[in-house]
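*Asks:* So that we are looking at the same thing, I have put the structure below in C-alpha cells.
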Amino acid sequence: MSKPWNKLIVALDVTSEKKFKKIVAQLSPKVKCFKIGLIAYTRFGPKIIREVKRRGGKVFLDFKLYDIPNTMVETAKAFVDLGVWAFTVHLKAGEAALKYLKREVRKQAKHKKKKAPLIIGVTELTSKKASLSQVLKLAKVAKRSGVDGVVCSVWEAKKIKQKFGLKTITPGIRVRKTGDDQRRVATVKEALQNKVDYFVVGRPIVAKKNYLQAARELI
Ligand code: C5P
C-alpha cells in the first residue's frame, strides 16, 4: 500500500495561499512530493517552496523552461539555490542547450554545496493528442542530453523506461473521463501497471474539500 503513496506527486495549482498551506499540512508526510507551478508561484513566490520543505516535502518545480540557453541556465541556478528536488524543461529546447544546462546546474550545485536537482524534460503535453513515436523522439533527446527523466503520459512510460531507462513522471491521472483539458489520461492503477516512477495529480485532489480523503480514494 505504501508504494503508490511514494509515487504520488500532488500539483499545488491553487490561487489561495491559505489553501496552499492547508493542502500541504493535510497531506504531509503521507505525500512526499509536491509540484509547484506558475499558478501558485507567480502569486506567492519562493516562500511556498520553503513551506513545503518545512513540512518535510520535496519540491518538484514545474515551470517548463523553454528559452535560449543563457536564460534557462541563469533561471536554473536559482532553482539550485532554492533547494528543489527537480525541475522541468521543454525537450524541444534541444540537445545542445540541455547538455549545457545540465553542466551548469551541476557546477552551481557543487559551488553552493547543494544536491543538484533532477532535470525533467517535458515531451508532449498530456492535454494534447500525441503519437508514441512523437513522444519517443523527444525522450531520445532527453537521453542524449543527460536529462534525468521525462514528463509523459502513462501510455508512453513503459516504452520510455525500456528503451532509455529514464525516470518517468506522468500527469493526466483521472478516476474517470472528466471532459476537462487533459487528453492522454489514465487511472492510478494503469499508471502502476505501466511502471511509472511518479504520477502527478492536481485537481482530482486539490479541487476537493478533504484532500487526504480524495488522495486515499484515488489511490
Ligand atoms: O489538475 P491536473 O491533475 O490535470 O494537474 C496536472 C498537472 O501536471 C498540472 O499542474 C499541469 O500543469 C501538469 N502537467 C501536465 N502535462 C504535462 C506536464 C505537466 O498536465 N505534460
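Quick note on naming: the chains in the C-alpha cells go A, B, ... in the order shown, residues restart at 1 in each chain, and ligands are numbered from 1 in order of appearance.
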Contacts between segment 165-174 of chain A and segment 45-146 of chain A, please, where a residue of segment 45-146 of chain A counts if it comes within 12 Å (with only C-alpha atoms); show its shortest atom pair and distance in Å to one decimal, rows by chain and ascending number, as a tab-separated table.
*Replies:*
residue	atom	partner	partner_atom	distance
A:Phe60	CA	A:Ile169	CA	10.6
A:Asp62	CA	A:Ile169	CA	11.6
A:Ala86	CA	A:Ile169	CA	11.1
A:Phe87	CA	A:Ile169	CA	11.5
A:Thr88	CA	A:Ile169	CA	10.6
A:Leu118	CA	A:Lys167	CA	9.8
A:Ile119	CA	A:Lys167	CA	10.2
A:Ile120	CA	A:Lys167	CA	8.3
A:Gly121	CA	A:Thr168	CA	9.6
A:Val122	CA	A:Ile169	CA	9.3
A:Thr123	CA	A:Thr168	CA	10.6
A:Glu124	CA	A:Thr170	CA	11.1
A:Leu125	CA	A:Pro171	CA	9.0
A:Thr126	CA	A:Gly172	CA	6.1
A:Ser127	CA	A:Gly172	CA	7.7
A:Lys128	CA	A:Gly172	CA	10.6
A:Lys129	CA	A:Gly172	CA	12.0
A:Leu136	CA	A:Leu166	CA	11.4
A:Leu138	CA	A:Leu166	CA	11.9
A:Ala139	CA	A:Leu166	CA	8.3
A:Lys140	CA	A:Leu166	CA	9.7
A:Val141	CA	A:Leu166	CA	11.3
A:Ala142	CA	A:Leu166	CA	8.3
A:Lys143	CA	A:Leu166	CA	7.2
A:Arg144	CA	A:Leu166	CA	10.9
A:Ser145	CA	A:Leu166	CA	11.6
A:Gly146	CA	A:Leu166	CA	9.6
*Asks:* Using C-alpha atoms, can you export the residues from the last selection as a short mmCIF file (atom, residue, chain, number, x, y, z; two decimals), in the first residue's frame?
*Replies:*
data_model
loop_
_atom_site.label_atom_id
_atom_site.label_comp_id
_atom_site.auth_asym_id
_atom_site.auth_seq_id
_atom_site.Cartn_x
_atom_site.Cartn_y
_atom_site.Cartn_z
CA PHE A 60 9.07 19.49 -7.99
CA ASP A 62 7.28 22.81 -12.94
CA ALA A 86 13.58 18.51 -9.55
CA PHE A 87 12.52 20.99 -12.23
CA THR A 88 11.10 20.80 -15.74
CA LEU A 118 16.91 16.39 -11.28
CA ILE A 119 16.27 17.85 -14.72
CA ILE A 120 12.98 16.55 -16.08
CA GLY A 121 12.20 17.03 -19.77
CA VAL A 122 8.64 17.62 -20.92
CA THR A 123 7.79 15.56 -24.01
CA GLU A 124 4.33 16.29 -25.40
CA LEU A 125 1.77 17.87 -23.07
CA THR A 126 -0.84 15.43 -21.80
CA SER A 127 -3.53 17.92 -22.79
CA LYS A 128 -2.75 17.18 -26.46
CA LYS A 129 -3.18 14.12 -28.58
CA LEU A 136 9.81 8.71 -28.11
CA LEU A 138 11.71 13.70 -27.58
CA ALA A 139 12.62 11.07 -24.99
CA LYS A 140 15.64 10.28 -27.16
CA VAL A 141 16.69 13.93 -26.92
CA ALA A 142 16.41 13.59 -23.13
CA LYS A 143 18.61 10.52 -23.10
CA ARG A 144 21.24 12.07 -25.36
CA SER A 145 21.36 15.27 -23.32
CA GLY A 146 21.84 13.52 -19.99
#
*Asks:* Can you list every residue of segment 176-206 of chain A that has an atom at most 10 Å from segment 29-51 of chain A, with its nearest atom pair and the distance in Å to one decimal, using only C-alpha atoms, ordered by chain then number, as a Markdown table?
*Replies:*
| residue | atom | partner | partner_atom | distance |
| --- | --- | --- | --- | --- |
| A:Tyr198 | CA | A:Cys33 | CA | 9.6 |
| A:Val200 | CA | A:Lys35 | CA | 7.9 |
| A:Val201 | CA | A:Lys35 | CA | 9.1 |
| A:Gly202 | CA | A:Lys35 | CA | 8.7 |
*Asks:* DSSP on the backbone, strand (DSSP E) only: what residues of segment 92-151 of chain A does that give? Format it as a PyMOL selection string.
*Replies:* chain A and resi 118-122+149-151
*Asks:* Go ahead and compute the interatomic distance for atom CA of Gln182 of chain A and atom CA of Ala97 of chain A, in Å to one decimal.
*Replies:*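 These two atoms are separated by 28.7 Å.
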*Asks:* Nearest to ligand 1: which of A:Asp180, A:Asp197, A:Glu190, A:Asp67 is it, counting only C-alpha atoms and all ligand atoms?
*Replies:*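 Answer, going by the shortest atom-to-atom distance: A:Asp180.
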*Asks:* Calculated over only C-alpha atoms, which of the candidates A:Ala78, A:Val135, A:Leu12, A:Ile219 has the smallest distance to Val150 of chain A?
*Replies:*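 Checking each of A:Ala78, A:Val135, A:Leu12, A:Ile219 against Val150 of chain A, counting only C-alpha atoms, the winner is A:Val135.
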*Asks:* Could you please write out, as number ranges by chain, every residue of segment 117-193 of chain A that DSSP assigns to alpha helix (DSSP H)?
*Replies:* A: 132-145, 154-164, 188-193
*Asks:* Please write the residues from the selection above to a file, keeping C-alpha atoms, as a tab-separated table (two decimals), in the first residue's frame.
*Replies:*
chain	number	residue	atom	x	y	z
A	132	LEU	CA	4.03	7.29	-29.27
A	133	SER	CA	6.70	7.98	-31.90
A	134	GLN	CA	6.46	11.76	-31.32
A	135	VAL	CA	6.98	11.23	-27.60
A	136	LEU	CA	9.81	8.71	-28.11
A	137	LYS	CA	11.61	11.14	-30.38
A	138	LEU	CA	11.71	13.70	-27.58
A	139	ALA	CA	12.62	11.07	-24.99
A	140	LYS	CA	15.64	10.28	-27.16
A	141	VAL	CA	16.69	13.93	-26.92
A	142	ALA	CA	16.41	13.59	-23.13
A	143	LYS	CA	18.61	10.52	-23.10
A	144	ARG	CA	21.24	12.07	-25.36
A	145	SER	CA	21.36	15.27	-23.32
A	154	VAL	CA	1.09	6.78	-18.70
A	155	TRP	CA	0.72	5.30	-22.19
A	156	GLU	CA	4.32	6.06	-23.20
A	157	ALA	CA	6.02	5.43	-19.85
A	158	LYS	CA	6.76	1.72	-20.18
A	159	LYS	CA	8.35	2.07	-23.60
A	160	ILE	CA	10.47	5.02	-22.48
A	161	LYS	CA	11.69	3.07	-19.47
A	162	GLN	CA	12.55	0.04	-21.64
A	163	LYS	CA	14.25	2.00	-24.38
A	164	PHE	CA	16.04	4.73	-22.46
A	188	VAL	CA	-3.63	5.26	-10.91
A	189	LYS	CA	-3.93	1.51	-11.50
A	190	GLU	CA	-2.89	1.95	-15.13
A	191	ALA	CA	0.00	4.17	-14.05
A	192	LEU	CA	1.26	1.49	-11.67
A	193	GLN	CA	0.79	-1.26	-14.26
*Asks:* Could you tell me how far atom CA of Pro4 of chain A lies from atom 16 (N, counted along the ligand's line) of ligand 1, in Å and to one decimal?
*Replies:*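 Atom-to-atom, atom CA of Pro4 of chain A and atom 16 (N, counted along the ligand's line) of ligand 1 are spaced 19.3 Å apart.
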*Asks:* Would you mind reading off the distance between atom CA of Trp85 of chain A and atom CA of Val59 of chain A, one decimal, in Å?
*Replies:*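 Separating atom CA of Trp85 of chain A from atom CA of Val59 of chain A is a distance of 5.3 Å.
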*Asks:* If we count only C-alpha atoms, what is near Ala215 of chain A at a cut-off of 10 Å, once residues fewer than 6 positions away on the same chain are taken out, given as a CSV table (one decimal) with N, CA, C and O atoms, in the first residue's frame?
*Replies:*
chain,number,residue,atom,x,y,z
A,5,TRP,N,1.7,5.7,-2.6
A,5,TRP,CA,1.9,7.0,-1.9
A,5,TRP,C,3.3,7.6,-2.2
A,5,TRP,O,3.4,8.8,-2.4
A,8,LEU,N,3.2,9.3,-5.6
A,8,LEU,CA,2.2,10.4,-5.8
A,8,LEU,C,2.9,11.8,-5.7
A,8,LEU,O,3.5,12.0,-4.7
A,10,VAL,N,1.6,15.6,-5.7
A,10,VAL,CA,0.4,16.5,-5.8
A,10,VAL,C,0.7,17.9,-6.3
A,10,VAL,O,1.6,18.5,-5.9
A,27,LEU,N,-1.7,16.9,3.8
A,27,LEU,CA,-1.2,15.7,3.0
A,27,LEU,C,0.2,15.3,3.5
A,27,LEU,O,0.6,14.1,3.2
A,30,LYS,N,2.3,12.0,4.5
A,30,LYS,CA,1.8,10.9,3.7
A,30,LYS,C,2.3,11.1,2.2
A,30,LYS,O,2.8,10.2,1.6
A,31,VAL,N,2.1,12.3,1.7
A,31,VAL,CA,2.5,12.7,0.4
A,31,VAL,C,3.9,13.3,0.6
A,31,VAL,O,4.2,14.1,1.4
A,201,VAL,N,-0.9,14.4,-9.7
A,201,VAL,CA,-2.4,14.6,-9.6
A,201,VAL,C,-2.6,16.0,-9.0
A,201,VAL,O,-2.1,16.4,-8.0
A,204,PRO,N,-8.0,16.5,-9.2
A,204,PRO,CA,-8.7,15.4,-8.6
A,204,PRO,C,-8.5,15.4,-7.0
A,204,PRO,O,-9.3,14.7,-6.3
A,205,ILE,N,-7.5,16.0,-6.6
A,205,ILE,CA,-7.2,16.1,-5.1
A,205,ILE,C,-7.5,17.6,-4.6
A,205,ILE,O,-8.2,17.8,-3.7
A,206,VAL,N,-6.8,18.6,-5.3
A,206,VAL,CA,-6.9,19.9,-4.7
A,206,VAL,C,-8.2,20.6,-4.9
A,206,VAL,O,-8.4,21.6,-4.3
A,208,LYS,N,-11.0,19.1,-4.3
A,208,LYS,CA,-11.9,18.5,-3.3
A,208,LYS,C,-11.9,19.2,-2.0
A,208,LYS,O,-10.9,19.9,-1.7
*Asks:* Give me the residues within 12 Å of segment 110-112 of chain A as a PyMOL selection string, counting only C-alpha atoms and dropping any in the same chain fewer than 2 places off.
*Replies:* chain A and resi 77-83+103-108+114-117
